[in-house]
$ cat structure.txt   # compact mmCIF, C-alpha atoms
# COMPACT_ATOMS: atom_id res chain seq x y z
CA MET W 693 0.00 0.00 0.00
CA ILE W 694 1.35 3.42 -0.97
CA TRP W 695 0.94 6.04 1.73
CA PRO W 696 0.34 9.60 0.58
CA LEU W 697 3.33 11.86 1.06
CA LYS W 698 3.08 14.80 3.39
CA PRO W 699 3.13 18.18 1.63
CA LYS W 700 6.53 19.84 1.61
CA SER W 701 6.91 22.87 3.85
CA THR W 702 7.65 24.95 0.74
CA LYS W 703 4.07 24.27 -0.35
CA GLN W 704 2.49 24.97 3.04
CA ILE W 705 1.64 28.02 5.09
CA ALA W 706 3.19 28.11 8.54
CA ARG W 707 0.82 29.12 11.31
CA ILE W 708 1.83 30.53 14.69
CA GLU W 709 -0.68 31.49 17.36
CA ILE W 710 -0.11 34.14 20.01
CA SER W 711 -2.75 33.91 22.73
CA GLY W 712 -3.06 35.40 26.18
CA ALA W 713 -0.81 37.98 27.78
CA ILE W 714 2.55 38.44 26.09
CA ALA W 715 5.49 37.83 28.43
CA GLY W 716 8.79 35.95 28.48
CA ASN W 717 7.33 32.50 27.83
CA THR W 718 5.36 33.77 24.84
CA ARG W 719 8.44 35.49 23.44
CA ASP W 720 10.56 32.35 23.78
CA GLN W 721 7.95 30.16 22.09
CA VAL W 722 7.31 32.58 19.23
CA LEU W 723 10.99 33.24 18.52
CA LYS W 724 11.63 29.49 18.44
CA ALA W 725 8.69 29.01 16.07
CA LEU W 726 9.88 31.81 13.78
CA LYS W 727 13.26 30.12 13.59
CA THR W 728 11.50 26.93 12.44
CA VAL W 729 9.66 28.88 9.73
CA LYS W 730 12.98 30.12 8.40
CA GLU W 731 14.80 26.79 8.63
CA LYS W 732 12.04 24.82 6.90
CA LYS W 733 11.71 27.50 4.21
CA PHE W 734 7.98 28.09 4.53
CA PRO W 735 7.04 30.66 1.87
CA ALA W 736 4.30 32.23 4.00
CA LEU W 737 3.33 32.64 7.63
CA LEU W 738 -0.06 33.31 9.15
CA LEU W 739 0.27 34.87 12.59
CA ARG W 740 -2.94 34.43 14.57
CA ILE W 741 -3.11 36.97 17.41
CA ASP W 742 -5.62 36.71 20.24
CA SER W 743 -3.99 38.77 22.97
CA PRO W 744 -4.66 41.85 25.11
CA GLY W 745 -0.94 42.71 24.96
CA GLY W 746 1.72 42.41 27.58
CA THR W 747 5.24 43.46 28.43
CA VAL W 748 7.02 46.08 26.34
CA VAL W 749 10.34 44.41 25.59
CA ASP W 750 8.88 40.97 24.88
CA SER W 751 6.48 42.56 22.37
CA GLN W 752 9.36 44.50 20.80
CA GLU W 753 11.53 41.41 20.40
CA ILE W 754 8.74 39.47 18.68
CA TYR W 755 8.07 42.46 16.41
CA GLU W 756 11.76 42.74 15.43
CA ALA W 757 11.98 39.01 14.68
CA LEU W 758 8.88 39.24 12.47
CA LYS W 759 10.32 42.19 10.58
CA LYS W 760 13.51 40.24 9.93
CA LEU W 761 11.63 37.13 8.81
CA GLY W 762 9.42 39.26 6.57
CA GLU W 763 12.42 39.95 4.35
CA THR W 764 12.11 36.42 2.94
CA VAL W 765 8.66 35.18 4.03
CA LYS W 766 5.22 36.60 3.29
CA ILE W 767 3.55 37.32 6.64
CA VAL W 768 -0.15 37.92 7.22
CA ALA W 769 -1.44 38.71 10.71
CA SER W 770 -4.96 37.65 11.59
CA PHE W 771 -6.59 39.36 14.58
CA GLY W 772 -8.94 37.14 16.60
CA ASN W 773 -11.31 38.04 19.44
CA ILE W 774 -8.89 40.62 20.78
CA SER W 775 -5.64 42.04 19.52
CA ALA W 776 -4.96 45.12 21.59
CA SER W 777 -2.01 47.16 22.83
CA GLY W 778 1.03 44.83 22.67
CA GLY W 779 -1.01 42.57 20.41
CA VAL W 780 -1.24 45.47 17.96
CA TYR W 781 2.51 46.15 18.33
CA VAL W 782 3.36 42.55 17.47
CA GLY W 783 0.97 42.69 14.53
CA MET W 784 2.90 45.62 13.10
CA GLY W 785 5.67 43.12 12.33
CA ALA W 786 3.49 41.66 9.59
CA SER W 787 3.33 43.36 6.20
CA HIS W 788 -0.34 42.50 5.85
CA ILE W 789 -3.05 42.51 8.54
CA MET W 790 -6.58 41.12 8.46
CA THR W 791 -9.14 41.46 11.23
CA ASN W 792 -12.66 40.35 11.95
CA PRO W 793 -15.19 43.22 12.00
CA GLY W 794 -15.94 42.65 15.68
CA THR W 795 -12.37 42.17 16.89
CA ILE W 796 -11.45 44.31 19.91
CA THR W 797 -8.30 46.15 18.98
CA GLY W 798 -6.53 49.46 19.58
CA SER W 799 -5.63 50.36 23.17
CA ILE W 800 -2.40 51.85 21.87
CA GLY W 801 -0.66 53.22 24.92
CA VAL W 802 1.36 52.39 28.01
CA ILE W 803 0.25 51.63 31.54
CA LEU W 804 2.26 51.29 34.74
CA ARG W 805 0.66 50.38 38.04
CA GLY W 806 1.94 50.40 41.57
CA ASN W 807 0.21 49.55 44.85
CA ASN W 808 0.05 51.88 47.84
CA LEU W 809 -0.64 49.86 50.98
CA GLU W 810 0.49 52.55 53.41
CA GLY W 811 -2.92 52.96 55.07
CA LEU W 812 -3.36 49.22 55.53
CA LEU W 813 0.15 48.78 56.93
CA GLU W 814 -0.44 51.56 59.48
CA LYS W 815 -3.60 49.83 60.70
CA VAL W 816 -1.79 46.57 61.34
CA GLY W 817 1.26 48.31 62.81
CA VAL W 818 3.78 47.41 60.12
CA SER W 819 6.45 49.81 58.87
CA PHE W 820 9.67 49.50 56.88
CA LYS W 821 13.11 51.00 57.35
CA VAL W 822 14.75 51.63 53.99
CA ILE W 823 18.45 52.28 53.39
CA LYS W 824 19.01 53.39 49.80
CA SER W 825 21.82 54.74 47.63
CA GLY W 826 19.71 57.45 46.03
CA PRO W 827 16.39 59.24 46.56
CA TYR W 828 14.59 57.30 43.82
CA LYS W 829 15.92 53.80 44.44
CA ASP W 830 12.63 52.70 46.04
CA ILE W 831 10.39 54.40 43.51
CA LEU W 832 6.93 52.77 43.44
CA ALA W 833 7.46 51.31 46.92
CA PHE W 834 4.16 49.88 48.14
CA ASP W 835 4.48 51.27 51.68
CA ARG W 836 4.29 54.97 50.84
CA GLU W 837 2.70 57.53 48.56
CA LEU W 838 4.42 58.38 45.28
CA LEU W 839 6.27 61.71 45.46
CA ALA W 840 5.61 64.44 42.89
CA GLU W 841 9.13 64.26 41.46
CA GLU W 842 8.87 60.48 41.26
CA GLN W 843 5.63 60.76 39.35
CA GLU W 844 7.35 63.10 36.89
CA ILE W 845 10.19 60.62 36.35
CA LEU W 846 7.76 57.78 35.69
CA GLN W 847 5.58 59.91 33.43
CA ASN W 848 8.62 60.83 31.31
CA MET W 849 9.48 57.13 30.99
CA ILE W 850 5.91 56.27 30.01
CA ASP W 851 5.81 59.10 27.46
CA ASN W 852 9.04 57.84 25.89
CA THR W 853 7.73 54.27 25.69
CA TYR W 854 4.47 55.54 24.22
CA GLN W 855 6.39 57.48 21.56
CA GLN W 856 8.20 54.29 20.56
CA PHE W 857 4.81 52.59 20.07
CA VAL W 858 3.42 55.46 18.00
CA GLU W 859 6.51 55.63 15.79
CA THR W 860 6.36 51.88 15.13
CA VAL W 861 2.69 52.02 14.12
CA ALA W 862 3.30 55.06 11.92
CA GLU W 863 6.21 53.41 10.13
CA ALA W 864 4.50 50.03 9.71
CA ARG W 865 1.21 51.42 8.45
CA LYS W 866 2.73 54.31 6.49
CA LEU W 867 0.86 56.93 8.50
CA SER W 868 2.05 60.21 9.94
CA ILE W 869 2.78 60.34 13.67
CA GLU W 870 0.11 63.03 14.03
CA THR W 871 -2.47 60.75 12.39
CA VAL W 872 -1.59 57.83 14.67
CA LYS W 873 -1.78 59.98 17.81
CA LYS W 874 -5.38 60.89 16.95
CA PHE W 875 -6.49 57.33 17.76
CA ALA W 876 -3.54 56.18 19.90
CA ASP W 877 -4.90 57.53 23.17
CA GLY W 878 -5.65 54.20 24.83
CA ARG W 879 -9.11 53.82 23.35
CA ILE W 880 -10.31 50.51 21.95
CA PHE W 881 -12.24 50.09 18.74
CA THR W 882 -13.58 47.35 16.49
CA GLY W 883 -11.81 45.69 13.62
CA LYS W 884 -14.07 47.52 11.21
CA GLN W 885 -13.07 50.85 12.73
CA ALA W 886 -9.42 49.78 12.58
CA VAL W 887 -9.67 49.38 8.81
CA GLU W 888 -11.16 52.85 8.50
CA LEU W 889 -8.32 54.27 10.60
CA GLY W 890 -5.67 52.55 8.50
CA LEU W 891 -4.39 50.39 11.35
CA VAL W 892 -5.16 47.18 9.45
CA ASP W 893 -5.68 46.32 5.77
CA ARG W 894 -8.76 44.16 5.37
CA LEU W 895 -11.74 42.58 7.07
CA GLY W 896 -11.91 38.81 7.05
CA THR W 897 -11.68 35.53 8.90
CA GLU W 898 -8.61 33.42 9.56
CA GLU W 899 -9.54 31.37 6.51
CA ASP W 900 -9.58 34.54 4.42
CA ALA W 901 -6.13 35.32 5.83
CA ARG W 902 -4.92 31.85 4.78
CA VAL W 903 -6.09 32.45 1.22
CA TRP W 904 -4.42 35.85 1.19
CA ALA W 905 -1.13 34.42 2.46
CA ALA W 906 -1.24 31.70 -0.22
CA GLU W 907 -1.82 34.25 -2.96
CA LEU W 908 1.02 36.45 -1.72
CA ALA W 909 3.39 33.46 -1.73
CA GLY W 910 2.28 32.25 -5.17
CA LEU W 911 0.68 29.09 -3.78
CA ASN W 912 -2.59 27.52 -4.82
CA PRO W 913 -5.13 28.82 -2.25
CA GLU W 914 -7.23 25.68 -2.65
CA LYS W 915 -4.35 23.35 -1.86
CA ALA W 916 -2.06 25.31 0.46
CA GLU W 917 -2.71 24.03 3.96
CA PHE W 918 -1.70 25.25 7.41
CA PHE W 919 1.19 23.75 9.32
CA THR W 920 0.76 24.96 12.89
CA ILE W 921 4.01 25.35 14.79
CA GLU W 922 3.49 24.92 18.52
CA GLU W 923 5.13 23.62 21.65
CA PRO W 924 4.82 19.85 22.23
CA LYS W 925 1.81 19.10 24.39
CA PRO W 926 2.17 17.44 27.80
CA PHE W 927 1.40 13.72 27.89
CA LEU W 928 -2.03 14.25 29.47
CA LYS W 929 -3.15 16.51 26.65
CA LYS W 930 -1.91 13.99 24.12
CA VAL W 931 -4.08 11.30 25.68
CA LEU W 932 -7.10 13.46 26.38
CA ASN W 933 -8.59 15.83 23.86
CA GLN W 934 -8.52 19.42 25.10
CA ASN W 935 -12.31 19.56 24.83
CA GLN W 936 -12.56 16.67 27.27
CA LEU W 937 -10.66 18.50 29.98
CA SER W 938 -12.75 20.05 32.72
CA LEU W 939 -13.95 23.59 32.00
CA GLN W 940 -13.35 24.43 35.64
CA THR W 941 -9.74 23.27 35.34
CA ASN W 942 -9.19 25.47 32.30
CA GLN W 943 -10.73 28.45 34.04
CA PHE W 944 -8.59 27.84 37.12
CA ASN W 945 -5.44 27.66 35.00
CA ASN W 946 -6.36 30.90 33.26
CA VAL W 947 -6.76 32.66 36.61
CA VAL W 948 -3.45 31.28 37.88
CA ASN W 949 -1.64 32.32 34.69
CA TRP W 950 -3.09 35.82 34.84
CA LEU W 951 -2.22 36.18 38.52
CA ASP W 952 1.32 35.06 37.79
CA PHE W 953 1.55 37.65 35.00
CA GLU W 954 0.23 40.41 37.28
CA LEU W 955 2.72 39.61 40.02
CA SER W 956 5.72 39.19 37.73
CA THR W 957 5.08 42.45 35.86
CA SER W 958 4.20 44.65 38.84
CA GLY W 959 5.89 48.01 38.43
CA GLN W 960 6.71 47.46 34.75
CA PRO W 961 5.47 49.61 31.87
CA LEU W 962 2.99 47.48 29.92
CA TRP W 963 1.44 47.59 26.49
CA LEU W 964 -1.66 45.95 27.85
CA TYR W 965 -5.40 46.43 27.53
CA LYS W 966 -6.89 46.30 31.02
CA PRO W 967 -10.70 46.61 30.95
$ encode --input "structure.txt" --output "structure tokens"
Amino acid sequence: MIWPLKPKSTKQIARIEISGAIAGNTRDQVLKALKTVKEKKFPALLLRIDSPGGTVVDSQEIYEALKKLGETVKIVASFGNISASGGVYVGMGASHIMTNPGTITGSIGVILRGNNLEGLLEKVGVSFKVIKSGPYKDILAFDRELLAEEQEILQNMIDNTYQQFVETVAEARKLSIETVKKFADGRIFTGKQAVELGLVDRLGTEEDARVWAAELAGLNPEKAEFFTIEEPKPFLKKVLNQNQLSLQTNQFNNVVNWLDFELSTSGQPLWLYKP
């Protein structure tokens, strides 16, 4: 019996999915996957983004890797339920962007949060003695109010990071900085509005994005299939279909992952949509 041969990677469209908050683990997985796309000589890549954003540097490193890969590979980004803030930044690494009409996108901006527990600590009789090398070494300390000069320092940092975001969008979408700043004020909008603003190219589904990627790469849209590049699944998920896993377990894992992200990024500037 003759078994059918698997399609060569040069006749397939690589697919990489970015889901959830973007942080170090996401960056590592995506960079590894992009390396695979290059090594296996895929002619096209579909980047499916379903993310509210995340950390600044991790988003920047994914964006830079996409730009580099785009010199030899046709890249189409497909926005899913949400592609906001850092999700938008990553998407700028693709030469072509497609979104669903109802996708939540935008939220172009920077946010930094600190916690002031001074009142609570006073009630329970807890105080801290801090020895520091300079007046701003404990900036954003949780046991005291932020000083006016500290707020100015942080605001300048946020403004600089925001400017980097705006400049990237302007360059990627061939818009003026002034035009980008008109909608880059943290607001969210739909995919349909994003097309009107020039942030993305077309409206369409992931399947439409696949067809577009095939056409750009000179492949037959009817025959060019996806090859999804992803991390190997744990043994349990290999045995049990994901749909068979408990919904409560999935929800619990999502909460744990989000809590871990919140704790690990406390005090960091974020390109993150936080409803």
$ residues_around --input "structure.txt" --residues "segment 739-751 of chain W" --least-positions-apart "6" --cutoff "7 Å" --atoms "all atoms listed in the file" --output "count of residues only"
30
$ atom_distance --input "structure.txt" --atom1 "atom CA of Ile803 of chain W" --atom2 "atom CA of Lys724 of chain W"
28.1 Å
$ closest_residue --input "structure.txt" --among "W:Gln847, W:Asn912, W:Ser799, W:Ser819" --to "Ala876 of chain W" --atoms "only C-alpha atoms"
W:Ser799
$ residues_around --input "structure.txt" --residues "Leu839 of chain W" --least-positions-apart "6" --cutoff "12 Å" --atoms "all atoms listed in the file" --output "JSON, numbers by chain"
{"W": [808, 827, 828, 830, 831, 832, 833, 845, 846]}
$ residues_around --input "structure.txt" --residues "Lys873 of chain W" --least-positions-apart "2" --cutoff "12 Å" --atoms "all atoms listed in the file" --output "ChimeraX atom specification"
/W:798-801,854-862,867-871,875-879,889,891
$ residues_around --input "structure.txt" --residues "Thr897 of chain W" --least-positions-apart "6" --cutoff "8 Å" --atoms "only C-alpha atoms" --output "list in words"
Ser770, Met790, Thr791 and Asn792 of chain W
$ residues_around --input "structure.txt" --residues "Pro735 of chain W" --least-positions-apart "2" --cutoff "8 Å" --atoms "all atoms listed in the file" --output "PyMOL selection string"
chain W and resi 702-705+733+737+764-766+909
$ atom_distance --input "structure.txt" --atom1 "atom CA of Ala757 of chain W" --atom2 "atom CA of Leu723 of chain W"
7.0 Å
$ closest_residue --input "structure.txt" --among "W:Gly785, W:Val887, W:Asp835, W:Ile880" --to "Asn807 of chain W" --atoms "only C-alpha atoms"
W:Asp835
$ atom_distance --input "structure.txt" --atom1 "atom CA of Lys759 of chain W" --atom2 "atom CA of Lys884 of chain W"
25.0 Å
$ closest_residue --input "structure.txt" --among "W:Ala916, W:Leu804, W:Val780, W:Val722" --to "Glu954 of chain W" --atoms "all atoms listed in the file"
W:Leu804
$ closest_residue --input "structure.txt" --among "W:Ala905, W:Phe918, W:Asn717, W:Glu837" --to "Ile767 of chain W" --atoms "all atoms listed in the file"
W:Ala905
$ closest_residue --input "structure.txt" --among "W:Asn852, W:Gln843, W:Ser701, W:Thr795" --to "Gln885 of chain W" --atoms "all atoms listed in the file"
W:Thr795
$ axis_aligned_box --input "structure.txt" --around "segment 827-832 of chain W" --padding-each-side "8 Å" --output "JSON"
{"center_x": 11.7, "center_y": 56.0, "center_z": 45.0, "size_x": 25.5, "size_y": 22.5, "size_z": 19.1}
$ decode --input "structure.txt" --residues "segment 841-871 of chain W" --atoms "C-alpha atoms" --output "PDB file, in the first residue's frame"
ATOM      1  CA  GLU W 841       9.133  64.264  41.461  1.00  0.00           C
ATOM      2  CA  GLU W 842       8.875  60.475  41.258  1.00  0.00           C
ATOM      3  CA  GLN W 843       5.627  60.760  39.351  1.00  0.00           C
ATOM      4  CA  GLU W 844       7.351  63.104  36.886  1.00  0.00           C
ATOM      5  CA  ILE W 845      10.187  60.620  36.355  1.00  0.00           C
ATOM      6  CA  LEU W 846       7.758  57.775  35.692  1.00  0.00           C
ATOM      7  CA  GLN W 847       5.584  59.913  33.434  1.00  0.00           C
ATOM      8  CA  ASN W 848       8.621  60.827  31.308  1.00  0.00           C
ATOM      9  CA  MET W 849       9.475  57.130  30.993  1.00  0.00           C
ATOM     10  CA  ILE W 850       5.907  56.269  30.012  1.00  0.00           C
ATOM     11  CA  ASP W 851       5.807  59.095  27.459  1.00  0.00           C
ATOM     12  CA  ASN W 852       9.037  57.844  25.893  1.00  0.00           C
ATOM     13  CA  THR W 853       7.734  54.273  25.694  1.00  0.00           C
ATOM     14  CA  TYR W 854       4.473  55.541  24.218  1.00  0.00           C
ATOM     15  CA  GLN W 855       6.392  57.479  21.561  1.00  0.00           C
ATOM     16  CA  GLN W 856       8.202  54.287  20.562  1.00  0.00           C
ATOM     17  CA  PHE W 857       4.812  52.588  20.075  1.00  0.00           C
ATOM     18  CA  VAL W 858       3.418  55.458  17.999  1.00  0.00           C
ATOM     19  CA  GLU W 859       6.509  55.629  15.787  1.00  0.00           C
ATOM     20  CA  THR W 860       6.364  51.883  15.132  1.00  0.00           C
ATOM     21  CA  VAL W 861       2.692  52.023  14.117  1.00  0.00           C
ATOM     22  CA  ALA W 862       3.300  55.063  11.925  1.00  0.00           C
ATOM     23  CA  GLU W 863       6.213  53.407  10.129  1.00  0.00           C
ATOM     24  CA  ALA W 864       4.502  50.026   9.715  1.00  0.00           C
ATOM     25  CA  ARG W 865       1.212  51.422   8.455  1.00  0.00           C
ATOM     26  CA  LYS W 866       2.727  54.314   6.487  1.00  0.00           C
ATOM     27  CA  LEU W 867       0.861  56.930   8.501  1.00  0.00           C
ATOM     28  CA  SER W 868       2.054  60.205   9.943  1.00  0.00           C
ATOM     29  CA  ILE W 869       2.781  60.343  13.668  1.00  0.00           C
ATOM     30  CA  GLU W 870       0.112  63.030  14.026  1.00  0.00           C
ATOM     31  CA  THR W 871      -2.466  60.747  12.390  1.00  0.00           C
TER      32      THR W 871
END
